[in-house]
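This is upload02.csv. It holds CSV, C-alpha atoms and all ligand atoms.
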```
chain,number,residue,atom,x,y,z
A,21,MET,CA,38.6,84.9,129.7
A,22,GLU,CA,40.1,87.4,132.2
A,23,ILE,CA,43.2,86.1,133.8
A,24,ASP,CA,42.5,85.0,137.4
A,25,VAL,CA,45.8,86.1,138.8
A,26,PRO,CA,45.3,84.6,142.3
A,27,ARG,CA,44.4,81.3,140.8
A,28,THR,CA,47.3,81.2,138.4
A,29,ARG,CA,49.7,82.2,141.2
A,30,ALA,CA,48.2,79.4,143.4
A,31,GLU,CA,49.0,77.1,140.4
A,32,THR,CA,52.6,78.3,140.1
A,33,GLU,CA,55.0,77.1,142.8
A,34,GLY,CA,57.7,79.5,141.6
A,35,VAL,CA,55.9,82.6,142.8
A,36,ASN,CA,56.6,81.6,146.4
A,37,HIS,CA,60.4,81.7,145.9
A,38,GLY,CA,61.0,85.4,145.2
A,39,ILE,CA,60.0,87.7,142.3
A,40,HIS,CA,60.6,86.1,139.0
A,41,LEU,CA,61.0,88.6,136.2
A,42,ASN,CA,62.8,86.3,133.7
A,43,ALA,CA,60.0,85.0,131.5
A,44,ALA,CA,62.1,85.8,128.4
A,45,GLY,CA,64.8,83.5,129.8
A,46,SER,CA,62.6,80.7,131.1
A,47,ALA,CA,59.2,81.3,132.7
A,48,LEU,CA,57.7,79.6,135.7
A,49,MET,CA,55.9,76.4,134.8
A,50,PRO,CA,52.3,76.0,136.1
A,51,ARG,CA,51.7,72.9,138.2
A,52,CYS,CA,49.8,71.1,135.5
A,53,VAL,CA,52.9,71.2,133.2
A,54,VAL,CA,55.1,69.8,136.0
A,55,ASP,CA,52.6,67.1,136.9
A,56,ALA,CA,52.0,66.0,133.3
A,57,GLN,CA,55.8,65.4,132.8
A,58,ILE,CA,56.2,63.6,136.1
A,59,ARG,CA,53.3,61.3,135.3
A,60,HIS,CA,54.9,60.4,132.0
A,61,ILE,CA,58.2,59.7,133.6
A,62,HIS,CA,56.6,57.4,136.2
A,63,ASP,CA,54.9,55.6,133.3
A,64,GLU,CA,58.2,55.2,131.6
A,65,ALA,CA,59.7,53.8,134.8
A,66,ALA,CA,56.8,51.4,135.2
A,67,HIS,CA,56.4,50.1,131.7
A,68,GLY,CA,59.4,51.3,129.5
A,69,GLY,CA,59.8,54.3,127.3
A,70,TYR,CA,58.2,52.9,124.1
A,71,GLU,CA,55.2,51.4,126.0
A,72,ALA,CA,54.7,54.7,127.8
A,73,CYS,CA,54.8,56.5,124.5
A,74,GLN,CA,52.0,54.3,123.2
A,75,HIS,CA,49.9,54.9,126.3
A,76,ALA,CA,50.4,58.7,125.7
A,77,GLU,CA,49.5,58.7,122.0
A,78,THR,CA,46.5,60.9,122.5
A,79,GLN,CA,48.4,63.4,124.7
A,80,ILE,CA,51.3,63.5,122.2
A,81,ALA,CA,48.9,64.2,119.3
A,82,ARG,CA,47.3,66.9,121.4
A,83,THR,CA,50.6,68.8,121.6
A,84,TYR,CA,50.6,69.2,117.8
A,85,ALA,CA,46.9,70.1,117.7
A,86,ALA,CA,47.3,72.6,120.6
A,87,LEU,CA,50.2,74.3,118.7
A,88,GLY,CA,48.1,74.3,115.6
A,89,GLU,CA,45.4,76.2,117.6
A,90,LEU,CA,47.9,78.5,119.0
A,91,LEU,CA,49.3,79.4,115.6
A,92,ASN,CA,46.2,78.9,113.5
A,93,CYS,CA,47.5,76.1,111.3
A,94,ALA,CA,47.0,72.3,110.9
A,95,PRO,CA,48.8,69.9,113.3
A,96,GLU,CA,50.5,68.4,110.2
A,97,GLN,CA,52.3,71.7,109.7
A,98,ILE,CA,54.0,71.5,113.1
A,99,ALA,CA,57.4,69.9,113.7
A,100,LEU,CA,58.7,69.5,117.2
A,101,SER,CA,62.3,69.7,118.3
A,102,ASP,CA,64.5,70.3,121.4
A,103,SER,CA,64.9,74.1,120.9
A,104,ALA,CA,63.9,77.1,118.9
A,105,THR,CA,67.4,77.2,117.4
A,106,THR,CA,67.2,73.6,116.2
A,107,SER,CA,63.8,74.3,114.6
A,108,TRP,CA,65.1,77.5,113.0
A,109,GLN,CA,68.2,75.8,111.7
A,110,ARG,CA,66.3,72.9,110.1
A,111,ILE,CA,64.7,75.4,107.7
A,112,VAL,CA,67.8,77.6,107.0
A,113,ARG,CA,70.0,74.5,106.5
A,114,ALA,CA,67.4,73.0,104.1
A,115,PHE,CA,68.0,75.6,101.4
A,116,ALA,CA,70.6,74.7,98.7
A,117,TRP,CA,72.7,77.9,99.2
A,118,GLN,CA,74.7,79.2,96.3
A,119,PRO,CA,77.4,81.9,96.3
A,120,GLY,CA,75.7,85.3,95.9
A,121,ASP,CA,72.4,84.2,97.4
A,122,ARG,CA,71.1,86.8,99.8
A,123,ILE,CA,69.5,86.6,103.2
A,124,LEU,CA,67.7,89.7,104.4
A,125,THR,CA,67.5,90.2,108.1
A,126,GLY,CA,66.9,92.9,110.7
A,127,GLN,CA,69.0,94.8,113.3
A,128,ALA,CA,67.5,92.9,116.2
A,129,GLU,CA,68.6,89.5,115.0
A,130,TYR,CA,69.5,86.9,117.6
A,131,VAL,CA,73.0,85.7,118.1
A,132,SER,CA,72.5,82.1,117.1
A,133,ASN,CA,70.7,83.0,113.9
A,134,TYR,CA,73.3,85.5,112.9
A,135,ILE,CA,76.2,83.0,113.6
A,136,THR,CA,74.4,80.6,111.1
A,137,PHE,CA,74.3,83.5,108.6
A,138,LEU,CA,78.0,84.1,109.1
A,139,GLN,CA,78.7,80.4,108.6
A,140,LEU,CA,76.7,80.4,105.3
A,141,ALA,CA,78.6,83.5,104.3
A,142,ARG,CA,82.0,81.9,105.1
A,143,HIS,CA,81.4,78.5,103.6
A,144,GLN,CA,78.7,79.0,100.9
A,145,GLY,CA,79.4,82.6,99.8
A,146,VAL,CA,75.9,83.8,101.0
A,147,GLU,CA,75.5,87.5,101.4
A,148,ILE,CA,73.8,88.9,104.5
A,149,VAL,CA,71.8,92.1,104.0
A,150,VAL,CA,70.7,93.9,107.2
A,151,VAL,CA,67.6,96.0,106.7
A,152,PRO,CA,67.9,99.3,108.7
A,153,ASP,CA,65.5,100.3,111.4
A,154,ASP,CA,62.9,103.0,111.0
A,155,SER,CA,62.6,105.9,113.3
A,156,PHE,CA,60.8,103.8,115.9
A,157,GLY,CA,63.6,101.3,116.0
A,158,GLN,CA,61.7,98.5,114.3
A,159,ILE,CA,62.5,97.0,110.9
A,160,ASP,CA,61.9,99.6,108.1
A,161,VAL,CA,59.4,97.7,105.9
A,162,ASP,CA,59.8,100.1,102.9
A,163,ARG,CA,63.5,99.6,103.0
A,164,LEU,CA,63.0,95.8,103.2
A,165,ASP,CA,60.7,96.0,100.2
A,166,SER,CA,63.3,97.9,98.1
A,167,LEU,CA,66.1,95.6,99.2
A,168,ILE,CA,64.5,92.5,97.9
A,169,ASP,CA,66.0,91.6,94.6
A,170,SER,CA,66.4,88.5,92.3
A,171,ARG,CA,69.2,87.2,94.5
A,172,THR,CA,67.1,87.3,97.7
A,173,ARG,CA,66.4,83.7,98.8
A,174,LEU,CA,65.1,84.2,102.3
A,175,VAL,CA,63.9,86.9,104.7
A,176,ALA,CA,64.6,85.8,108.2
A,177,LEU,CA,63.4,88.1,111.0
A,178,THR,CA,63.2,88.1,114.8
A,179,HIS,CA,59.7,89.1,115.9
A,180,VAL,CA,60.6,90.2,119.5
A,181,PRO,CA,64.3,90.4,120.3
A,182,THR,CA,65.9,89.0,123.4
A,183,ASN,CA,67.2,92.4,124.4
A,184,GLY,CA,64.1,94.6,124.6
A,185,GLY,CA,60.4,95.3,124.3
A,186,LEU,CA,60.4,95.9,120.6
A,187,VAL,CA,57.8,94.1,118.5
A,188,ASN,CA,58.7,94.0,114.9
A,189,PRO,CA,55.8,94.5,112.4
A,190,ALA,CA,55.8,90.8,111.4
A,191,ALA,CA,52.5,91.0,109.4
A,192,GLU,CA,53.7,94.1,107.4
A,193,VAL,CA,56.8,92.2,106.5
A,194,GLY,CA,54.6,89.2,105.5
A,195,THR,CA,52.7,91.4,103.1
A,196,VAL,CA,55.9,92.4,101.4
A,197,THR,CA,57.4,88.9,101.2
A,198,ARG,CA,54.1,87.5,99.8
A,199,ALA,CA,53.9,90.2,97.2
A,200,LYS,CA,57.5,89.5,96.2
A,201,GLY,CA,57.3,85.7,96.4
A,202,VAL,CA,60.2,85.4,98.8
A,203,PRO,CA,60.1,82.9,101.7
A,204,TYR,CA,59.9,84.4,105.1
A,205,LEU,CA,61.1,82.7,108.3
A,206,LEU,CA,59.9,84.4,111.6
A,207,ASP,CA,61.8,83.8,114.8
A,208,ALA,CA,58.9,84.0,117.3
A,209,CYS,CA,60.9,82.7,120.2
A,210,GLN,CA,60.0,85.7,122.5
A,211,SER,CA,56.5,86.3,121.1
A,212,ALA,CA,55.0,82.8,121.3
A,213,GLY,CA,53.0,82.7,124.5
A,214,GLN,CA,52.9,86.4,125.0
A,215,LEU,CA,51.4,87.8,121.8
A,216,ALA,CA,48.6,86.3,119.8
A,217,LEU,CA,50.2,84.7,116.8
A,218,ASP,CA,48.4,83.7,113.6
A,219,VAL,CA,50.6,82.4,110.8
A,220,GLN,CA,47.9,83.1,108.2
A,221,ALA,CA,47.6,86.7,109.2
A,222,ILE,CA,51.4,87.2,109.6
A,223,GLY,CA,52.0,85.6,106.2
A,224,CYS,CA,55.2,83.8,107.2
A,225,ASP,CA,56.3,80.6,105.5
A,226,PHE,CA,58.1,79.3,108.6
A,227,LEU,CA,57.9,80.2,112.3
A,228,SER,CA,60.1,78.9,115.0
A,229,ALA,CA,59.8,79.2,118.8
A,230,THR,CA,60.6,77.6,122.1
A,231,GLY,CA,58.5,76.1,124.9
A,232,ARG,CA,60.3,77.4,128.0
A,233,LYS,CA,59.9,81.1,127.6
A,234,TYR,CA,56.5,82.8,127.5
A,235,LEU,CA,54.6,79.6,126.9
A,236,ARG,CA,55.6,78.4,130.4
A,237,GLY,CA,56.6,75.0,129.0
A,238,PRO,CA,59.5,72.7,129.9
A,239,ARG,CA,63.1,73.3,128.9
A,240,GLY,CA,64.3,71.3,125.9
A,241,THR,CA,61.3,71.9,123.7
A,242,GLY,CA,61.0,73.8,120.4
A,243,PHE,CA,58.7,73.9,117.5
A,244,LEU,CA,58.4,74.9,113.9
A,245,TYR,CA,55.5,75.8,111.6
A,246,ILE,CA,56.0,75.2,107.9
A,247,HIS,CA,53.6,76.4,105.2
A,248,PRO,CA,52.3,73.5,103.2
A,249,ASP,CA,53.7,75.0,100.0
A,250,TRP,CA,57.2,74.6,101.4
A,251,ILE,CA,57.0,71.2,103.0
A,252,ASP,CA,57.6,69.4,99.7
A,253,ARG,CA,60.1,72.0,98.3
A,254,LEU,CA,62.6,71.7,101.1
A,255,GLU,CA,64.6,68.7,102.2
A,256,PRO,CA,66.3,68.9,105.6
A,257,ALA,CA,70.1,68.6,105.7
A,258,SER,CA,69.7,65.5,107.8
A,259,LEU,CA,67.0,62.9,107.6
A,260,ASP,CA,66.5,59.8,109.9
A,261,ILE,CA,64.1,57.0,110.6
A,262,ARG,CA,61.3,59.4,111.5
A,263,SER,CA,61.8,62.0,108.8
A,264,ALA,CA,62.2,59.5,106.0
A,265,THR,CA,61.8,55.8,105.2
A,266,TRP,CA,64.4,53.5,103.7
A,267,SER,CA,62.1,52.5,100.9
A,268,ALA,CA,64.3,50.4,98.7
A,269,ARG,CA,67.9,49.3,98.9
A,270,ASP,CA,69.1,52.4,97.2
A,271,ALA,CA,66.3,54.8,97.9
A,272,TYR,CA,64.7,56.8,100.7
A,273,THR,CA,61.4,58.6,100.8
A,274,PRO,CA,61.0,61.7,103.0
A,275,SER,CA,58.1,61.5,105.4
A,276,PRO,CA,54.9,63.4,104.6
A,277,GLY,CA,54.0,66.7,106.3
A,278,ALA,CA,56.2,68.6,108.8
A,279,ARG,CA,57.4,65.3,110.3
A,280,LYS,CA,60.1,65.5,107.6
A,281,PHE,CA,61.6,68.2,109.8
A,282,GLU,CA,61.7,66.1,112.9
A,283,THR,CA,64.1,63.5,114.2
A,284,PHE,CA,63.2,60.2,115.9
A,285,GLU,CA,64.2,60.8,119.5
A,286,PHE,CA,62.1,62.9,121.8
A,287,ASN,CA,61.9,63.5,125.5
A,288,TYR,CA,58.2,62.6,125.5
A,289,ALA,CA,57.7,63.9,129.0
A,290,ALA,CA,58.7,67.3,127.7
A,291,VAL,CA,56.6,66.9,124.6
A,292,ILE,CA,53.5,66.3,126.8
A,293,GLY,CA,54.5,69.1,129.1
A,294,LEU,CA,54.7,71.4,126.1
A,295,GLY,CA,51.2,70.5,125.0
A,296,THR,CA,49.9,71.0,128.5
A,297,ALA,CA,51.5,74.4,128.6
A,298,VAL,CA,50.0,75.4,125.3
A,299,ASP,CA,46.5,74.2,126.5
A,300,TYR,CA,47.0,76.2,129.7
A,301,ALA,CA,47.7,79.3,127.7
A,302,LEU,CA,44.7,78.7,125.4
A,303,SER,CA,42.5,78.2,128.5
A,304,TRP,CA,43.2,81.9,129.4
A,305,GLY,CA,43.2,82.9,125.7
A,306,MET,CA,46.1,84.8,124.0
A,307,PRO,CA,44.3,88.2,123.9
A,308,ALA,CA,43.9,88.1,127.7
A,309,ILE,CA,47.5,87.1,128.2
A,310,GLN,CA,48.8,89.7,125.8
A,311,GLY,CA,46.7,92.4,127.4
A,312,ARG,CA,47.9,91.7,130.9
A,313,ILE,CA,51.5,91.3,130.0
A,314,GLY,CA,51.4,94.5,128.0
A,315,TRP,CA,49.7,96.4,130.8
A,316,LEU,CA,52.2,95.2,133.5
A,317,ALA,CA,55.2,96.0,131.3
A,318,SER,CA,54.0,99.6,130.5
A,319,THR,CA,53.2,100.1,134.2
A,320,LEU,CA,56.7,99.0,135.0
A,321,ARG,CA,58.3,101.2,132.4
A,322,ARG,CA,56.4,104.2,133.7
A,323,ARG,CA,57.5,103.6,137.3
A,324,LEU,CA,61.1,102.8,136.4
A,325,GLU,CA,61.3,106.0,134.4
A,326,ARG,CA,60.6,108.1,137.5
A,327,ILE,CA,63.7,106.7,139.3
A,328,PRO,CA,66.7,109.0,139.0
A,329,GLY,CA,69.5,107.5,136.9
A,330,VAL,CA,67.3,104.9,135.1
A,331,THR,CA,67.1,104.9,131.3
A,332,ILE,CA,64.6,102.7,129.6
A,333,ARG,CA,66.1,101.1,126.6
A,334,ASP,CA,63.2,99.5,124.8
A,335,LEU,CA,62.6,100.4,121.1
A,336,GLY,CA,59.6,100.0,118.9
A,337,ARG,CA,56.2,101.5,118.0
A,338,GLU,CA,54.6,98.6,119.8
A,339,THR,CA,56.2,97.1,122.9
A,340,CYS,CA,55.7,93.9,124.9
A,341,GLY,CA,56.6,92.3,128.2
A,342,ILE,CA,60.4,92.6,128.0
A,343,CYS,CA,61.6,95.7,129.8
A,344,THR,CA,65.2,96.8,129.5
A,345,PHE,CA,67.0,99.6,131.2
A,346,THR,CA,70.3,100.8,132.4
A,347,LEU,CA,71.2,102.5,135.7
A,348,GLU,CA,73.7,105.3,135.9
A,349,GLY,CA,76.9,104.5,137.7
A,350,GLN,CA,76.1,100.8,137.9
A,351,THR,CA,76.9,97.9,135.5
A,352,ALA,CA,73.9,95.8,134.4
A,353,GLN,CA,75.6,92.8,136.1
A,354,ALA,CA,75.9,94.7,139.4
A,355,VAL,CA,72.2,95.6,139.3
A,356,LYS,CA,71.3,92.0,138.5
A,357,THR,CA,73.4,90.7,141.4
A,358,ALA,CA,72.0,93.3,143.9
A,359,LEU,CA,68.4,92.4,142.9
A,360,ALA,CA,69.2,88.6,143.2
A,361,ASP,CA,70.3,89.3,146.8
A,362,ALA,CA,66.8,90.7,147.3
A,363,GLN,CA,65.2,87.6,145.7
A,364,ILE,CA,64.3,89.5,142.5
A,365,GLN,CA,65.4,87.6,139.4
A,366,VAL,CA,66.1,89.7,136.4
A,367,THR,CA,68.8,89.0,133.8
A,368,VAL,CA,71.4,90.9,131.8
A,369,SER,CA,71.3,91.1,128.0
A,370,GLU,CA,74.9,91.4,126.7
A,371,ARG,CA,76.1,93.1,123.6
A,372,ALA,CA,77.0,89.8,121.9
A,373,SER,CA,73.4,88.5,122.1
A,374,THR,CA,72.1,91.1,119.6
A,375,ARG,CA,75.3,92.7,118.4
A,376,LEU,CA,74.0,94.7,115.5
A,377,ASP,CA,71.5,96.6,117.6
A,378,MET,CA,73.7,97.0,120.7
A,379,ASP,CA,76.7,98.2,118.6
A,380,GLN,CA,74.4,100.7,116.8
A,381,ARG,CA,73.2,102.0,120.2
A,382,GLU,CA,76.6,101.8,121.8
A,383,LEU,CA,75.3,99.6,124.6
A,384,ASP,CA,77.4,97.0,126.3
A,385,ALA,CA,74.7,95.4,128.4
A,386,VAL,CA,71.1,96.2,129.6
A,387,VAL,CA,69.2,94.9,132.6
A,388,ARG,CA,66.2,92.8,131.4
A,389,ALA,CA,63.1,92.5,133.5
A,390,SER,CA,60.6,90.4,131.6
A,391,VAL,CA,57.2,90.2,133.1
A,392,HIS,CA,54.5,87.5,132.8
A,393,TYR,CA,50.8,87.6,133.5
A,394,TYR,CA,51.4,85.9,136.9
A,395,ASN,CA,53.5,88.8,138.1
A,396,THR,CA,51.7,91.5,140.2
A,397,GLU,CA,51.9,95.2,140.5
A,398,ASP,CA,53.2,94.7,144.1
A,399,GLU,CA,56.1,92.7,142.7
A,400,LEU,CA,56.9,95.6,140.2
A,401,ASP,CA,56.8,98.1,143.1
A,402,ARG,CA,59.3,96.0,145.0
A,403,LEU,CA,61.5,95.9,142.0
A,404,CYS,CA,61.3,99.7,141.7
A,405,ALA,CA,62.0,100.1,145.4
A,406,ALA,CA,65.1,97.9,145.2
A,407,ILE,CA,66.3,99.9,142.2
A,408,THR,CA,65.7,103.2,143.9
A,409,GLU,CA,68.0,102.1,146.7
A,410,LEU,CA,70.7,101.4,144.1
A,411,ALA,CA,70.1,104.6,142.2
A,412,PRO,CA,72.6,107.5,142.6
A,413,ALA,CA,71.6,109.9,145.4
A,414,PRO,CA,69.9,113.0,144.0
A,415,ALA,CA,72.2,116.1,144.1
A,416,ALA,CA,71.7,118.0,147.4
B,501,LIG,C1,65.9,82.6,123.3
B,501,LIG,C2,65.9,83.0,121.8
B,501,LIG,C3,66.2,82.0,120.8
B,501,LIG,C4,66.8,80.7,121.1
B,501,LIG,O1,65.9,79.8,121.7
B,501,LIG,P1,66.4,78.3,122.1
B,501,LIG,O2,65.2,77.6,122.5
B,501,LIG,O3,67.4,78.6,123.3
B,501,LIG,O4,67.1,77.8,121.0
B,501,LIG,C5,66.1,82.4,119.5
B,501,LIG,N1,65.7,83.7,119.2
B,501,LIG,C6,65.4,84.6,120.1
B,501,LIG,C7,64.9,85.9,119.7
B,501,LIG,C8,65.5,84.3,121.5
B,501,LIG,O5,65.2,85.2,122.4
```

Represent the structure contained in this file as structure tokens.
Amino acid sequence: MEIDVPRTRAETEGVNHGIHLNAAGSALMPRCVVDAQIRHIHDEAAHGGYEACQHAETQIARTYAALGELLNCAPEQIALSDSATTSWQRIVRAFAWQPGDRILTGQAEYVSNYITFLQLARHQGVEIVVVPDDSFGQIDVDRLDSLIDSRTRLVALTHVPTNGGLVNPAAEVGTVTRAKGVPYLLDACQSAGQLALDVQAIGCDFLSATGRKYLRGPRGTGFLYIHPDWIDRLEPASLDIRSATWSARDAYTPSPGARKFETFEFNYAAVIGLGTAVDYALSWGMPAIQGRIGWLASTLRRRLERIPGVTIRDLGRETCGICTFTLEGQTAQAVKTALADAQIQVTVSERASTRLDMDQRELDAVVRASVHYYNTEDELDRLCAAITELAPAPAA
């Protein structure tokens, strides 16, 4: 289905409060997502949390099924959590790391993931191998292939980085990891909800993402896909009453399916909100969403490029809805503040969020304008007009 932009804007309160270009931070929720959460909180207030949870059984089950549709997997292969990072760490921490084990990753890796690698290096003697980029600035898949050896225990890659429009060739990586029999964890935090994702086609063993970014879901939601081959082979570092049963005085039995990677407590209003958000995305269809976001972002890049002093900073052969740039003579923070004064919300991506990439390109910070399908060309024009005002005056 084509995206009905006036309709989705009418269903999105946030578009009335300025120009929101921070979908990669936390996108605007549609009204149905807000309402579903509020209804559940009212039910909790009226009947108690456990009782409300029983009433909402069908809706809660739908969240798993909707995510299964989004990713092309079974609902039993989905584990929910409170963030992408929690989901991602549940996998990485489930491996029995030994000194000398190698993790292969890319230049665009996200800060929280890399800090975990550094912890594993410091405490378990794990080696981090960073695969270089190719000439487009995406992961060099041939180099990845040649770097996989008998000590490689995991390939962990960010699909779309927090600091730019790059889309890493996730499926090409999956072809390599499948051929080599090495597990592959994809951080799809920025791609879920903006690019069509199919875990079978990508060939990843694990995929983690968040609800609040391009999926337009609530904050405090995250999810994980786990390939059935891996569900029984891994045991999470911590188990609880949901992920395991205390089956005899001296024994526990891990729960079946991906539930093993969950913990008991949930904000069920948020779980229901997430399912509602995924259904809302599915109602437009991911190809339509991906198409409009891609078109808006390339339109924005073309217009920004014409402004004197602007340098577009996005890498990659394929790009997505995250547009990053710098403006000569102005810090990224100053640009963000000036735009906020004009009710235009962008953000700044700092060096320490993606240090490998930013160090390599000698960038301290970039301005990040991340578009969603509810944004309009007119909003992009207003952003460009505001930046033109900030731009250095052309030489007389
Ligand atoms: C935002 C982000 C994360 C972290 O997501 P949380 O839900 O905040 O844990 C991980 N990876 C990438 C690439 C991100 O952009």

Closest atom pairs, residues of chain A within 10 Å of ligand LIG 501 (chain B), all atoms listed in the file, as a tab-separated table:
```
residue	atom	partner	partner_atom	distance
A:Ala44	CA	B:LIG501	O5	6.8
A:Gly45	CA	B:LIG501	C1	6.7
A:Ser46	CA	B:LIG501	C1	8.7
A:Ser101	CA	B:LIG501	O2	9.4
A:Asp102	CA	B:LIG501	O2	7.4
A:Ser103	CA	B:LIG501	O2	3.9
A:Ala104	CA	B:LIG501	O2	3.9
A:Thr105	CA	B:LIG501	O4	3.7
A:Thr106	CA	B:LIG501	O4	6.4
A:Ser107	CA	B:LIG501	O4	8.0
A:Trp108	CA	B:LIG501	C5	8.2
A:Gln109	CA	B:LIG501	O4	9.6
A:Ala128	CA	B:LIG501	C7	8.2
A:Glu129	CA	B:LIG501	C7	7.0
A:Tyr130	CA	B:LIG501	C7	5.2
A:Val131	CA	B:LIG501	N1	7.6
A:Ser132	CA	B:LIG501	C5	6.8
A:Asn133	CA	B:LIG501	C5	7.3
A:Leu177	CA	B:LIG501	C7	9.1
A:Thr178	CA	B:LIG501	C7	5.6
A:His179	CA	B:LIG501	C7	7.2
A:Val180	CA	B:LIG501	C7	6.1
A:Pro181	CA	B:LIG501	C7	4.6
A:Thr182	CA	B:LIG501	O5	4.0
A:Asn183	CA	B:LIG501	O5	7.7
A:Gly184	CA	B:LIG501	O5	9.7
A:Leu206	CA	B:LIG501	N1	9.6
A:Asp207	CA	B:LIG501	N1	5.9
A:Ala208	CA	B:LIG501	C7	6.7
A:Cys209	CA	B:LIG501	C6	4.9
A:Gln210	CA	B:LIG501	O5	5.2
A:Ser211	CA	B:LIG501	C7	8.5
A:Ser228	CA	B:LIG501	C5	8.3
A:Ala229	CA	B:LIG501	O2	6.7
A:Thr230	CA	B:LIG501	O2	4.6
A:Gly231	CA	B:LIG501	O2	7.3
A:Arg232	CA	B:LIG501	O2	7.4
A:Lys233	CA	B:LIG501	C1	7.5
A:Arg239	CA	B:LIG501	O2	8.0
A:Gly240	CA	B:LIG501	O2	7.2
A:Thr241	CA	B:LIG501	O2	7.0
A:Gly242	CA	B:LIG501	O2	6.0
A:Phe243	CA	B:LIG501	O2	9.0
A:Ser373	CA	B:LIG501	O5	8.8
A:Thr374	CA	B:LIG501	C7	8.9
```

Between CA of Leu186 in chain A and CA of His392 in chain A, distance in Å (one decimal):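 Atom-to-atom, CA of Leu186 in chain A and CA of His392 in chain A are spaced 15.9 Å apart.
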
If we count only C-alpha atoms and set the cut-off at 10 Å, which residues sit around range 274-278 of chain A, ignoring sequence neighbours fewer than 2 positions away in its own chain? Please answer as an MDAnalysis selection string. chainID A and resid 95:100 244:248 250:252 255:256 259:267 272 280:282

Just to be explicit: take each residue in the selection above, keep C-alpha atoms, and write the result as a PDB file, keeping the file's coordinate frame.
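Okay, result31.pdb is ready:
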```pdb
ATOM      1  CA  PRO A  95      48.800  69.900 113.300  1.00  0.00           C
ATOM      2  CA  GLU A  96      50.500  68.400 110.200  1.00  0.00           C
ATOM      3  CA  GLN A  97      52.300  71.700 109.700  1.00  0.00           C
ATOM      4  CA  ILE A  98      54.000  71.500 113.100  1.00  0.00           C
ATOM      5  CA  ALA A  99      57.400  69.900 113.700  1.00  0.00           C
ATOM      6  CA  LEU A 100      58.700  69.500 117.200  1.00  0.00           C
ATOM      7  CA  LEU A 244      58.400  74.900 113.900  1.00  0.00           C
ATOM      8  CA  TYR A 245      55.500  75.800 111.600  1.00  0.00           C
ATOM      9  CA  ILE A 246      56.000  75.200 107.900  1.00  0.00           C
ATOM     10  CA  HIS A 247      53.600  76.400 105.200  1.00  0.00           C
ATOM     11  CA  PRO A 248      52.300  73.500 103.200  1.00  0.00           C
ATOM     12  CA  TRP A 250      57.200  74.600 101.400  1.00  0.00           C
ATOM     13  CA  ILE A 251      57.000  71.200 103.000  1.00  0.00           C
ATOM     14  CA  ASP A 252      57.600  69.400  99.700  1.00  0.00           C
ATOM     15  CA  GLU A 255      64.600  68.700 102.200  1.00  0.00           C
ATOM     16  CA  PRO A 256      66.300  68.900 105.600  1.00  0.00           C
ATOM     17  CA  LEU A 259      67.000  62.900 107.600  1.00  0.00           C
ATOM     18  CA  ASP A 260      66.500  59.800 109.900  1.00  0.00           C
ATOM     19  CA  ILE A 261      64.100  57.000 110.600  1.00  0.00           C
ATOM     20  CA  ARG A 262      61.300  59.400 111.500  1.00  0.00           C
ATOM     21  CA  SER A 263      61.800  62.000 108.800  1.00  0.00           C
ATOM     22  CA  ALA A 264      62.200  59.500 106.000  1.00  0.00           C
ATOM     23  CA  THR A 265      61.800  55.800 105.200  1.00  0.00           C
ATOM     24  CA  TRP A 266      64.400  53.500 103.700  1.00  0.00           C
ATOM     25  CA  SER A 267      62.100  52.500 100.900  1.00  0.00           C
ATOM     26  CA  TYR A 272      64.700  56.800 100.700  1.00  0.00           C
ATOM     27  CA  LYS A 280      60.100  65.500 107.600  1.00  0.00           C
ATOM     28  CA  PHE A 281      61.600  68.200 109.800  1.00  0.00           C
ATOM     29  CA  GLU A 282      61.700  66.100 112.900  1.00  0.00           C
TER      30      GLU A 282
END
```

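Atom pair CA of Phe284 in chain A / CA of Ala297 in chain A has a distance of 22.4 Å (rounded to one decimal).
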
Near range 158-170 of chain A, 12 Å: range 201-290 of chain A residue rows, closest pairs, only C-alpha atoms, as CSV:
```
residue,atom,partner,partner_atom,distance
A:Gly201,CA,A:Ile168,CA,10.0
A:Val202,CA,A:Ile168,CA,8.3
A:Pro203,CA,A:Ile168,CA,11.2
A:Tyr204,CA,A:Ile168,CA,11.8
```

I'd like the neighbourhood of Leu217 in chain A as a list of chain:residue names, where a residue qualifies if any of its atoms comes within 7 Å (using only C-alpha atoms), though same-chain residues fewer than 4 positions away should be ignored.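 What passes the distance filter is A:Leu90, A:Leu91, A:Ala212.
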
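A straight line drawn from CA of Ile292 in chain A to CA of Gln79 in chain A is 6.2 Å long.
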
Could you list, as a count of residues only, every residue within 8 Å of range 143-157 of chain A, counting only C-alpha atoms and ignoring same-chain residues fewer than 5 positions away? 20

With all atoms listed in the file as the counted atoms, please give the residues lying no more than 9 Å from range 59-72 of chain A, apart from itself and same-chain residues fewer than 2 positions off, as a list in words. Val54, Asp55, Ala56, Gln57, Gln74, His75, Ala76, Glu77, Tyr288, Ala289, Ala290 and Ile292 of chain A

Who sits within 12 Å of Glu409 in chain A, all atoms listed in the file, same chain under 5 positions skipped, as a list of chain:residue names: A:Ile327, A:Pro328, A:Gly329, A:Val330, A:Leu347, A:Val355, A:Ala358, A:Leu359, A:Ala362, A:Arg402, A:Leu403, A:Cys404, A:Pro414

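Nearest residue to Ala30 in chain A, choosing from A:Ala116, A:Cys52, A:Leu400, A:Ala47 and counting only C-alpha atoms: A:Cys52.
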
Residue with smallest distance to Cys224 in chain A - pool A:Ala257, A:Cys93, A:Ala301, A:Leu316, counting all atoms listed in the file: A:Cys93

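In terms of minimum interatomic distance to Thr346 in chain A, A:Leu410 ranks closest within A:Ala372, A:Thr396, A:Ala271, A:Leu410, counting only C-alpha atoms.
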